[in-house]
Structures are given as C-alpha cells and as structure tokens.
$ cat run23.cif   # mmCIF, C-alpha atoms and all ligand atoms
data_model
loop_
_atom_site.group_PDB
_atom_site.id
_atom_site.type_symbol
_atom_site.label_atom_id
_atom_site.label_comp_id
_atom_site.auth_asym_id
_atom_site.auth_seq_id
_atom_site.Cartn_x
_atom_site.Cartn_y
_atom_site.Cartn_z
ATOM 1 C CA MET A 24 128.673 64.088 153.180
ATOM 2 C CA THR A 25 124.969 63.602 152.793
ATOM 3 C CA ASN A 26 123.659 62.001 149.706
ATOM 4 C CA PRO A 27 121.053 64.208 148.042
ATOM 5 C CA THR A 28 118.822 61.225 147.341
ATOM 6 C CA ARG A 29 118.489 60.233 150.982
ATOM 7 C CA ASN A 30 115.750 62.519 152.219
ATOM 8 C CA GLU A 31 113.705 62.823 149.072
ATOM 9 C CA LYS A 32 110.074 61.821 149.238
ATOM 10 C CA GLY A 33 107.620 61.637 146.424
ATOM 11 C CA ILE A 34 109.743 59.791 143.904
ATOM 12 C CA ILE A 35 107.640 58.312 141.120
ATOM 13 C CA GLU A 36 108.687 55.112 139.366
ATOM 14 C CA CYS A 37 107.788 55.834 135.743
ATOM 15 C CA TYR A 38 107.351 53.561 132.735
ATOM 16 C CA ASP A 39 106.745 54.380 129.108
ATOM 17 C CA ILE A 40 105.804 51.089 127.481
ATOM 18 C CA GLY A 41 105.962 51.383 123.718
ATOM 19 C CA GLY A 42 105.374 49.058 120.807
ATOM 20 C CA THR A 43 109.141 48.953 120.228
ATOM 21 C CA ASN A 44 110.935 50.117 123.379
ATOM 22 C CA THR A 45 110.169 50.398 127.061
ATOM 23 C CA ARG A 46 111.741 53.190 129.100
ATOM 24 C CA ALA A 47 111.739 53.374 132.864
ATOM 25 C CA ALA A 48 113.134 55.859 135.371
ATOM 26 C CA PHE A 49 112.741 57.325 138.799
ATOM 27 C CA ILE A 50 111.611 60.938 138.558
ATOM 28 C CA PHE A 51 111.728 63.389 141.419
ATOM 29 C CA ASN A 52 111.014 67.127 141.379
ATOM 30 C CA GLY A 53 110.605 67.027 137.613
ATOM 31 C CA GLN A 54 114.130 65.607 137.262
ATOM 32 C CA LEU A 55 114.847 62.264 135.700
ATOM 33 C CA LYS A 56 117.359 60.326 137.781
ATOM 34 C CA GLU A 57 120.227 58.708 135.906
ATOM 35 C CA PRO A 58 120.715 55.911 135.187
ATOM 36 C CA PHE A 59 117.468 54.900 133.593
ATOM 37 C CA VAL A 60 116.390 51.898 131.538
ATOM 38 C CA ASN A 61 115.622 51.663 127.831
ATOM 39 C CA GLU A 62 115.139 48.227 126.329
ATOM 40 C CA ARG A 63 113.074 46.405 123.738
ATOM 41 C CA THR A 64 109.517 45.702 124.865
ATOM 42 C CA ASP A 65 108.892 42.002 125.419
ATOM 43 C CA LYS A 66 105.458 41.672 123.833
ATOM 44 C CA ARG A 67 105.404 37.920 123.247
ATOM 45 C CA SER A 68 102.646 37.681 125.850
ATOM 46 C CA VAL A 69 101.042 39.580 128.729
ATOM 47 C CA VAL A 70 102.948 37.335 131.152
ATOM 48 C CA SER A 71 106.313 38.097 129.551
ATOM 49 C CA LEU A 72 105.566 41.844 129.607
ATOM 50 C CA VAL A 73 104.607 41.718 133.286
ATOM 51 C CA GLN A 74 107.815 39.800 134.058
ATOM 52 C CA GLN A 75 109.814 42.380 132.122
ATOM 53 C CA ILE A 76 108.288 45.241 134.158
ATOM 54 C CA GLN A 77 109.144 43.424 137.401
ATOM 55 C CA ARG A 78 112.697 42.765 136.201
ATOM 56 C CA ILE A 79 113.177 46.406 135.167
ATOM 57 C CA SER A 80 111.783 47.565 138.507
ATOM 58 C CA SER A 81 114.211 45.467 140.533
ATOM 59 C CA SER A 82 117.161 46.506 138.362
ATOM 60 C CA LEU A 83 116.189 50.192 138.701
ATOM 61 C CA ARG A 84 116.082 49.791 142.465
ATOM 62 C CA LYS A 85 119.518 48.121 142.428
ATOM 63 C CA LYS A 86 120.919 50.989 140.386
ATOM 64 C CA HIS A 87 119.738 53.467 143.019
ATOM 65 C CA PRO A 88 120.833 51.738 146.224
ATOM 66 C CA VAL A 89 120.657 54.855 148.430
ATOM 67 C CA LEU A 90 117.011 55.206 147.678
ATOM 68 C CA SER A 91 114.827 53.486 150.239
ATOM 69 C CA GLU A 92 111.664 51.840 149.005
ATOM 70 C CA SER A 93 109.492 54.047 151.229
ATOM 71 C CA GLN A 94 110.477 57.094 149.162
ATOM 72 C CA ILE A 95 108.764 55.697 146.084
ATOM 73 C CA GLN A 96 105.281 57.152 146.197
ATOM 74 C CA ALA A 97 103.691 55.523 143.163
ATOM 75 C CA ALA A 98 104.379 53.568 140.010
ATOM 76 C CA SER A 99 103.024 55.187 136.862
ATOM 77 C CA LEU A 100 102.761 53.310 133.570
ATOM 78 C CA ALA A 101 102.018 54.761 130.127
ATOM 79 C CA PHE A 102 100.580 52.325 127.576
ATOM 80 C CA PRO A 103 99.946 52.679 123.839
ATOM 81 C CA GLY A 104 96.196 52.104 123.850
ATOM 82 C CA PRO A 105 92.977 53.121 125.597
ATOM 83 C CA VAL A 106 93.013 52.789 129.387
ATOM 84 C CA GLU A 107 90.240 52.787 131.971
ATOM 85 C CA GLY A 108 91.314 52.843 135.620
ATOM 86 C CA THR A 109 94.029 50.202 135.842
ATOM 87 C CA ILE A 110 92.720 48.282 132.806
ATOM 88 C CA LEU A 111 94.365 48.441 129.383
ATOM 89 C CA LEU A 112 91.538 47.974 126.885
ATOM 90 C CA GLY A 113 93.745 46.304 124.272
ATOM 91 C CA SER A 114 96.740 47.727 122.421
ATOM 92 C CA LYS A 115 97.485 47.473 118.727
ATOM 93 C CA PRO A 116 101.225 48.381 119.051
ATOM 94 C CA LEU A 117 101.651 45.711 121.754
ATOM 95 C CA GLY A 118 99.545 43.191 119.850
ATOM 96 C CA PHE A 119 97.100 42.626 122.737
ATOM 97 C CA ASP A 120 93.402 42.368 121.839
ATOM 98 C CA GLU A 121 92.129 41.558 125.308
ATOM 99 C CA GLU A 122 91.435 43.754 128.343
ATOM 100 C CA ILE A 123 94.262 43.511 130.865
ATOM 101 C CA ASP A 124 93.910 44.595 134.494
ATOM 102 C CA PHE A 125 97.401 45.542 135.653
ATOM 103 C CA GLN A 126 96.250 46.046 139.250
ATOM 104 C CA ASN A 127 95.681 42.264 139.362
ATOM 105 C CA LEU A 128 99.006 41.544 137.691
ATOM 106 C CA LEU A 129 101.295 44.099 139.343
ATOM 107 C CA GLY A 130 99.398 45.550 142.338
ATOM 108 C CA ASP A 131 100.910 43.119 144.879
ATOM 109 C CA TYR A 132 104.341 43.435 143.334
ATOM 110 C CA PHE A 133 104.532 47.220 143.574
ATOM 111 C CA ASN A 134 102.436 47.558 146.746
ATOM 112 C CA ILE A 135 102.158 51.340 146.176
ATOM 113 C CA PRO A 136 99.536 53.227 144.145
ATOM 114 C CA LEU A 137 99.637 51.928 140.571
ATOM 115 C CA ILE A 138 98.630 54.496 137.965
ATOM 116 C CA LEU A 139 97.907 53.548 134.374
ATOM 117 C CA GLY A 140 97.341 55.911 131.492
ATOM 118 C CA ASN A 141 97.173 56.227 127.764
ATOM 119 C CA ASP A 142 100.652 57.236 126.619
ATOM 120 C CA LEU A 143 99.430 60.222 124.596
ATOM 121 C CA ASN A 144 97.183 61.565 127.327
ATOM 122 C CA MET A 145 100.029 61.219 129.793
ATOM 123 C CA ALA A 146 102.599 62.738 127.430
ATOM 124 C CA SER A 147 100.290 65.707 126.823
ATOM 125 C CA GLN A 148 100.359 66.431 130.556
ATOM 126 C CA GLY A 149 104.165 66.232 130.457
ATOM 127 C CA GLU A 150 104.312 68.631 127.515
ATOM 128 C CA LEU A 151 101.923 71.004 129.258
ATOM 129 C CA ALA A 152 103.961 70.971 132.491
ATOM 130 C CA LEU A 153 107.503 71.031 131.140
ATOM 131 C CA GLY A 154 107.557 71.656 127.394
ATOM 132 C CA LYS A 155 108.770 74.752 125.593
ATOM 133 C CA PHE A 156 105.262 75.822 124.603
ATOM 134 C CA ARG A 157 103.648 76.098 128.026
ATOM 135 C CA ASP A 158 101.896 79.292 126.956
ATOM 136 C CA THR A 159 100.096 77.457 124.185
ATOM 137 C CA LYS A 160 96.713 76.493 125.615
ATOM 138 C CA ASN A 161 95.370 74.556 122.647
ATOM 139 C CA PHE A 162 97.539 71.968 121.018
ATOM 140 C CA CYS A 163 97.601 68.459 119.651
ATOM 141 C CA LEU A 164 100.430 66.122 120.519
ATOM 142 C CA LEU A 165 100.874 63.717 117.645
ATOM 143 C CA THR A 166 102.984 60.614 118.077
ATOM 144 C CA LEU A 167 104.395 58.979 114.987
ATOM 145 C CA SER A 168 105.988 55.745 116.087
ATOM 146 C CA THR A 169 105.162 52.020 115.948
ATOM 147 C CA GLY A 170 101.567 53.324 115.969
ATOM 148 C CA ILE A 171 99.949 56.746 115.607
ATOM 149 C CA GLY A 172 98.158 58.500 118.435
ATOM 150 C CA VAL A 173 96.928 61.943 119.374
ATOM 151 C CA GLY A 174 96.694 63.749 122.702
ATOM 152 C CA VAL A 175 94.600 66.899 122.873
ATOM 153 C CA ILE A 176 94.988 69.909 125.169
ATOM 154 C CA ILE A 177 92.038 72.311 125.127
ATOM 155 C CA ASN A 178 92.125 75.608 127.046
ATOM 156 C CA GLY A 179 95.137 74.438 129.014
ATOM 157 C CA SER A 180 93.728 71.126 130.168
ATOM 158 C CA LEU A 181 93.769 67.595 128.925
ATOM 159 C CA TYR A 182 90.857 66.355 126.864
ATOM 160 C CA ASN A 183 90.894 63.101 128.803
ATOM 161 C CA ARG A 184 88.993 60.805 126.443
ATOM 162 C CA GLN A 185 89.906 57.691 124.490
ATOM 163 C CA THR A 186 90.420 59.437 121.162
ATOM 164 C CA GLU A 187 91.956 57.168 118.526
ATOM 165 C CA VAL A 188 92.336 59.516 115.572
ATOM 166 C CA GLY A 189 95.064 57.253 114.168
ATOM 167 C CA HIS A 190 92.301 54.910 113.008
ATOM 168 C CA ILE A 191 90.555 57.226 110.575
ATOM 169 C CA VAL A 192 90.528 55.393 107.254
ATOM 170 C CA LEU A 193 92.311 57.333 104.511
ATOM 171 C CA GLU A 194 93.459 54.718 101.991
ATOM 172 C CA LYS A 195 90.571 53.244 100.001
ATOM 173 C CA ASN A 196 92.642 51.481 97.331
ATOM 174 C CA SER A 197 92.487 47.840 98.446
ATOM 175 C CA ASP A 198 95.916 47.063 96.959
ATOM 176 C CA LEU A 199 97.489 49.739 99.137
ATOM 177 C CA ALA A 200 95.320 49.511 102.274
ATOM 178 C CA ASN A 201 97.108 47.638 105.078
ATOM 179 C CA PRO A 202 95.061 45.623 107.588
ATOM 180 C CA CYS A 203 94.304 46.903 111.095
ATOM 181 C CA LEU A 204 91.960 45.724 113.857
ATOM 182 C CA GLY A 205 88.614 45.254 112.119
ATOM 183 C CA HIS A 206 89.350 47.681 109.264
ATOM 184 C CA ARG A 207 91.984 48.491 106.643
ATOM 185 C CA GLY A 208 93.814 51.532 105.346
ATOM 186 C CA CYS A 209 93.683 53.737 108.455
ATOM 187 C CA TRP A 210 96.281 56.459 109.080
ATOM 188 C CA ALA A 211 98.154 54.196 111.545
ATOM 189 C CA ALA A 212 98.095 51.196 109.200
ATOM 190 C CA GLN A 213 99.605 53.323 106.416
ATOM 191 C CA ALA A 214 101.968 55.816 108.038
ATOM 192 C CA SER A 215 103.147 54.341 111.367
ATOM 193 C CA GLY A 216 106.476 52.504 111.601
ATOM 194 C CA ALA A 217 104.612 49.179 111.529
ATOM 195 C CA GLY A 218 102.476 50.371 108.598
ATOM 196 C CA ILE A 219 105.491 51.436 106.524
ATOM 197 C CA GLU A 220 107.150 48.079 107.179
ATOM 198 C CA LYS A 221 103.933 46.332 106.101
ATOM 199 C CA THR A 222 103.838 48.303 102.830
ATOM 200 C CA VAL A 223 107.415 47.272 102.007
ATOM 201 C CA GLU A 224 106.722 43.690 103.088
ATOM 202 C CA LYS A 225 103.999 43.537 100.427
ATOM 203 C CA MET A 226 106.749 44.380 97.917
ATOM 204 C CA GLY A 227 108.490 41.198 99.113
ATOM 205 C CA LEU A 228 111.062 42.799 101.441
ATOM 206 C CA LYS A 229 111.335 42.507 105.207
ATOM 207 C CA LEU A 230 113.027 45.698 106.434
ATOM 208 C CA SER A 231 112.823 47.869 109.523
ATOM 209 C CA SER A 232 111.372 51.346 109.101
ATOM 210 C CA SER A 233 114.792 52.940 109.732
ATOM 211 C CA GLU A 234 116.290 50.795 106.937
ATOM 212 C CA ILE A 235 113.449 51.853 104.639
ATOM 213 C CA PHE A 236 114.174 55.550 105.262
ATOM 214 C CA GLU A 237 117.881 55.029 104.442
ATOM 215 C CA ASP A 238 117.164 53.252 101.167
ATOM 216 C CA PRO A 239 116.570 55.440 98.072
ATOM 217 C CA ARG A 240 114.523 52.649 96.442
ATOM 218 C CA PHE A 241 111.692 53.529 98.809
ATOM 219 C CA GLN A 242 111.518 57.251 98.084
ATOM 220 C CA ASP A 243 107.973 56.784 96.720
ATOM 221 C CA VAL A 244 106.901 54.948 99.881
ATOM 222 C CA VAL A 245 108.304 57.784 102.012
ATOM 223 C CA ASN A 246 106.591 60.450 99.874
ATOM 224 C CA LYS A 247 103.309 58.582 100.240
ATOM 225 C CA VAL A 248 103.717 58.551 104.019
ATOM 226 C CA LYS A 249 104.090 62.339 103.935
ATOM 227 C CA LYS A 250 100.818 62.522 101.974
ATOM 228 C CA TYR A 251 99.009 60.313 104.470
ATOM 229 C CA ASN A 252 100.326 62.578 107.215
ATOM 230 C CA ALA A 253 99.006 65.645 105.362
ATOM 231 C CA TYR A 254 95.569 63.996 105.262
ATOM 232 C CA GLY A 255 95.718 62.932 108.913
ATOM 233 C CA ILE A 256 97.025 66.278 110.175
ATOM 234 C CA GLY A 257 94.411 68.066 108.045
ATOM 235 C CA ASN A 258 91.770 66.093 109.900
ATOM 236 C CA LEU A 259 93.321 66.975 113.251
ATOM 237 C CA ILE A 260 93.060 70.633 112.301
ATOM 238 C CA ASN A 261 89.468 70.129 111.170
ATOM 239 C CA ALA A 262 88.588 68.499 114.471
ATOM 240 C CA TYR A 263 90.471 70.611 117.029
ATOM 241 C CA ASP A 264 91.733 73.841 115.374
ATOM 242 C CA PRO A 265 94.949 73.682 117.461
ATOM 243 C CA GLU A 266 97.424 76.570 117.826
ATOM 244 C CA LYS A 267 100.293 74.136 117.429
ATOM 245 C CA ILE A 268 100.864 70.514 116.568
ATOM 246 C CA ILE A 269 103.702 68.996 118.557
ATOM 247 C CA ILE A 270 105.359 65.866 117.229
ATOM 248 C CA MET A 271 106.698 63.038 119.376
ATOM 249 C CA GLY A 272 107.592 59.375 118.854
ATOM 250 C CA SER A 273 110.807 57.889 117.497
ATOM 251 C CA LEU A 274 109.678 57.904 113.849
ATOM 252 C CA GLY A 275 108.335 61.451 114.019
ATOM 253 C CA LEU A 276 111.433 62.838 115.752
ATOM 254 C CA LYS A 277 114.021 60.979 113.651
ATOM 255 C CA GLN A 278 112.351 61.415 110.238
ATOM 256 C CA PHE A 279 110.714 64.787 110.885
ATOM 257 C CA ASN A 280 112.026 66.418 107.693
ATOM 258 C CA LYS A 281 111.020 63.501 105.481
ATOM 259 C CA ILE A 282 107.490 62.820 106.704
ATOM 260 C CA ILE A 283 106.062 66.059 108.081
ATOM 261 C CA PRO A 284 104.181 67.770 105.231
ATOM 262 C CA GLU A 285 104.482 71.416 104.232
ATOM 263 C CA PRO A 286 101.459 73.687 104.932
ATOM 264 C CA ASP A 287 100.470 73.675 101.240
ATOM 265 C CA MET A 288 100.079 69.893 101.278
ATOM 266 C CA ILE A 289 97.900 70.051 104.398
ATOM 267 C CA LYS A 290 95.675 72.871 103.089
ATOM 268 C CA LYS A 291 94.031 70.458 100.634
ATOM 269 C CA TYR A 292 92.469 68.589 103.526
ATOM 270 C CA THR A 293 91.174 71.410 105.670
ATOM 271 C CA LEU A 294 88.981 74.463 105.213
ATOM 272 C CA LEU A 295 91.003 76.410 107.761
ATOM 273 C CA LYS A 296 93.520 78.520 105.929
ATOM 274 C CA ASN A 297 95.967 79.054 108.787
ATOM 275 C CA ILE A 298 97.900 75.849 109.174
ATOM 276 C CA PRO A 299 99.313 75.752 112.721
ATOM 277 C CA GLU A 300 103.026 75.440 113.307
ATOM 278 C CA ILE A 301 104.207 71.832 113.477
ATOM 279 C CA ILE A 302 107.206 71.302 115.731
ATOM 280 C CA PRO A 303 109.047 68.451 117.487
ATOM 281 C CA THR A 304 108.611 68.201 121.259
ATOM 282 C CA SER A 305 111.410 69.792 123.268
ATOM 283 C CA LEU A 306 111.222 66.878 125.716
ATOM 284 C CA GLY A 307 112.609 64.428 123.152
ATOM 285 C CA GLU A 308 112.233 60.699 123.577
ATOM 286 C CA ASN A 309 111.699 60.961 127.350
ATOM 287 C CA ILE A 310 108.394 62.819 126.979
ATOM 288 C CA GLY A 311 106.461 59.655 127.865
ATOM 289 C CA LEU A 312 108.327 59.269 131.157
ATOM 290 C CA PHE A 313 107.709 62.896 132.108
ATOM 291 C CA GLY A 314 104.080 62.395 131.127
ATOM 292 C CA ALA A 315 103.773 59.393 133.437
ATOM 293 C CA TYR A 316 105.357 61.504 136.196
ATOM 294 C CA PHE A 317 103.046 64.537 135.916
ATOM 295 C CA SER A 318 99.977 62.335 135.499
ATOM 296 C CA ALA A 319 100.923 60.554 138.712
ATOM 297 C CA LEU A 320 101.320 63.873 140.554
ATOM 298 C CA ASN A 321 97.913 65.016 139.288
ATOM 299 C CA PHE A 322 96.383 61.687 140.257
ATOM 300 C CA LEU A 323 97.859 61.758 143.773
ATOM 301 C CA LYS A 324 96.745 65.376 144.270
ATOM 302 C CA THR A 325 93.161 64.758 143.251
ATOM 303 C CA GLY A 326 92.901 61.034 143.985
HETATM 304 ZN ZN ZN B 1 93.372 51.192 112.378
#

$ encode --input "run23.cif" --output "structure tokens"
Amino acid sequence: MTNPTRNEKGIIECYDIGGTNTRAAFIFNGQLKEPFVNERTDKRSVVSLVQQIQRISSSLRKKHPVLSESQIQAASLAFPGPVEGTILLGSKPLGFDEEIDFQNLLGDYFNIPLILGNDLNMASQGELALGKFRDTKNFCLLTLSTGIGVGVIINGSLYNRQTEVGHIVLEKNSDLANPCLGHRGCWAAQASGAGIEKTVEKMGLKLSSSEIFEDPRFQDVVNKVKKYNAYGIGNLINAYDPEKIIIMGSLGLKQFNKIIPEPDMIKKYTLLKNIPEIIPTSLGENIGLFGAYFSALNFLKTG
C-alpha cells in the first residue's frame, strides 16, 4: 500500500503566532494535515519564542514521519503586528517593541524559503481563497482576540498595507482609557481580550477574559465592549464601505453574540445607512494557518 503523503510536493509548514496561542500545521492542497499543534505562545522573550518555533517544527516533523524534508517547500509565519519582508516591526500582542528579523533567527534552521506576514493580511488571503463568501469582492476581516486587527480586501485583492485600525482612539475619559503603545483608550486597548482584562484589573480583580464573560458582575463591562465595537466597526464602514465584515479571533468567535453590536448601534457612528452583514468566518480558528498557506503559495508564484 502506498502512503498518500509519500509523493506530495509543495507542502507548506504554516504557523499562526498569536498573543495567546500558537498554531502550526503542514498544509498541502488546501488541506490541513492532522495532527497539528496548538499551544500557548512563549512570549517571555524573542529567544524563547524562536526556540518554541524550532521545537514545534521538530515535533511536527516527528508526527509526520513519512514526510521527507524535501517535500516541505516553505515555512510561512503569521504574526500579530506589521511586517516588512522577514522583519516584524514590533508586536503589541506579543509584547515586543523592537524590530525582529526572523530570517536571521530562523533562516538557517528552516533552510527553505521563510515567509513572514501580518496575520490579518494573511488571513484575508485565506478567507478569499477558501471562505464561504468567495463571491464577496469587498470585505473587512476583523479579528477580536488578544488584540484587534483588520484585513481589507478591495475588488477581490488584498489591500497589502500596514493598516492598524485597532489603534484609533475612542475612549477619551481618562479614568476608563487603558494604556497602549504611546497612547491611551484605543479600540484595542478597550475591547480586545487584553483590554477587557485591563479594565477589570483596574477594578482590583485579575481574571481572564473568558472568566469575565462568564461572570454576571461584569455585564456592564461587556456591554461597554459592544459599544466600543459599534464605534470601531462604524469607522471601518466609514473607511472602506465593505459588503461584509467577517469576524475572526478567539474572542470574536466565542463571544460573538455578546460583543457584536446590532446595526442600530453601529448606525450612530457612520453616515452610511446600509450596515453590512457581520458574520463569523467559516474557517474557524484555523483561518490564520490557511492564510499563511495561501500567502506562501502567492509568494512562491510571484516571488
Ligand atoms: Zn493602541
């Protein structure tokens, strides 16, 4: 019997490195190969993160023993922050302020093309290639997670710029405004998982965002998050007039009903009367991995 893995070429080793969890998988022909890895991101330092990636890579390879190393065409890594070439220009969810060149840190280790991308830009390419709304040519992909980010598809292609709409400032009350990098009270600082935890921490309690959503004492906090999201999404509509807004990220997918505002709430923040449909991604929590995969294919085709 021949093993179906044996003659495959063009496998991409994909990573979705998040502020909370890191996922990794081999993807071939648009199919994610089981088993894959999902573990807490080690963000104590750049060195510990690099070691974690190397450890995950060798364990992935051990889990797929029939796969020969020559079949792996590229390694593709999605990061929560702006990226230029193979350089991550800092990342708030990872807590890194400095520029980090991953080609220097991981190029020799992988010894195959190393592709880096912003997680939202990559995920948007995954949504465009595989998602349920492939006919929609203008959409925003909004991630609500440890941080907040936006990917933009215009006329069927990626708006491949370092947009950081999560940092628009929307809370001016200094008692309520949480600190961010160089400013306070931005959408991400108020309504991301980390922001919600910060708000509750100021009330003297150290809880995870999932605990906060379970606890009826924080109903007001949750309602406020929905308001911030109405403001933020209103601004997305003002900026891009999308046909749909697709939600991804663990917070957005798990708490969709509690934190995604109704059209009437959003209308206050935009002049456009038709509020686009807001829906969760059909690719679920693996959207980042598929994004890394399709970005790598695009890169290898054009590169
Ligand atoms: Zn900010």

$ resolve_selection --input "run23.cif" --expression "the PyMOL selection byres (((chain A and resi 78-86) around 8) and not hetatm)" --output "MDAnalysis selection string"
chainID A and resid 47:49 58:60 74:77 87:88 90

$ residues_near_point --input "run23.cif" --point "(97.4, 61.6, 104.3)" --cutoff "10 Å" --atoms "all atoms listed in the file" --output "number ranges by chain"
A: 192-194, 209-210, 213-214, 247-258, 284, 288-289, 292

$ resolve_selection --input "run23.cif" --expression "the PyMOL selection byres (((not hetatm)) within 6 of (chain B and resi 1))" --output "ChimeraX atom specification"
/A:190,203-204,209,211-212

$ resolve_selection --input "run23.cif" --expression "the PyMOL selection byres (((chain A and resi 272) around 12) and not hetatm)" --output "MDAnalysis selection string"
chainID A and resid 39 41:44 103 142:143 146 164:173 215:216 269:271 273:279 303:311

$ residues_near_point --input "run23.cif" --point "(111.1, 41.4, 123.0)" --cutoff "10 Å" --atoms "only C-alpha atoms" --output "PDB file with C-alpha atoms, in the coordinates of the input"
ATOM      1  CA  GLY A  42     105.374  49.058 120.807  1.00  0.00           C
ATOM      2  CA  THR A  43     109.141  48.953 120.228  1.00  0.00           C
ATOM      3  CA  ASN A  44     110.935  50.117 123.379  1.00  0.00           C
ATOM      4  CA  THR A  45     110.169  50.398 127.061  1.00  0.00           C
ATOM      5  CA  GLU A  62     115.139  48.227 126.329  1.00  0.00           C
ATOM      6  CA  ARG A  63     113.074  46.405 123.738  1.00  0.00           C
ATOM      7  CA  THR A  64     109.517  45.702 124.865  1.00  0.00           C
ATOM      8  CA  ASP A  65     108.892  42.002 125.419  1.00  0.00           C
ATOM      9  CA  LYS A  66     105.458  41.672 123.833  1.00  0.00           C
ATOM     10  CA  ARG A  67     105.404  37.920 123.247  1.00  0.00           C
ATOM     11  CA  SER A  68     102.646  37.681 125.850  1.00  0.00           C
ATOM     12  CA  SER A  71     106.313  38.097 129.551  1.00  0.00           C
ATOM     13  CA  LEU A  72     105.566  41.844 129.607  1.00  0.00           C
ATOM     14  CA  GLN A  75     109.814  42.380 132.122  1.00  0.00           C
TER      15      GLN A  75
END

$ atom_distance --input "run23.cif" --atom1 "atom CA of A:Ile219" --atom2 "atom CA of A:Phe241"
10.1 Å

$ closest_residue --input "run23.cif" --among "A:Ile34, A:Ile110, A:Leu55, A:Leu153" --to "A:Ile95" --atoms "only C-alpha atoms"
A:Ile34

$ closest_residue --input "run23.cif" --among "A:Val70, A:Leu320, A:Val188, A:Ala315" --to "A:Gly140" --atoms "only C-alpha atoms"
A:Ala315

$ atom_distance --input "run23.cif" --atom1 "atom CA of A:Pro286" --atom2 "atom CA of A:Ala200"
25.1 Å

$ closest_residue --input "run23.cif" --among "A:Ala262, A:Asp131, A:Gly113, A:Gly33" --to "A:Leu294" --atoms "only C-alpha atoms"
A:Ala262

$ closest_residue --input "run23.cif" --among "A:Ser180, A:Thr293, A:Asn196, A:Ser231" --to "A:Ala152" --atoms "only C-alpha atoms"
A:Ser180

$ closest_residue --input "run23.cif" --among "A:Ser93, A:Asn61, A:Ser233, A:Pro202" --to "A:Lys221" --atoms "all atoms listed in the file"
A:Pro202

$ closest_residue --input "run23.cif" --among "A:Leu129, A:Val244, A:Val69, A:Met145" --to "A:Tyr316" --atoms "only C-alpha atoms"
A:Met145

$ atom_distance --input "run23.cif" --atom1 "atom CA of A:Val223" --atom2 "atom CA of A:Asp238"
11.5 Å

$ axis_aligned_box --input "run23.cif" --around "stretch 63-67 of chain A" --padding-each-side "5 Å" --output "AutoDock Vina command-line options"
--center_x 109.2 --center_y 42.2 --center_z 124.3 --size_x 17.7 --size_y 18.5 --size_z 12.2
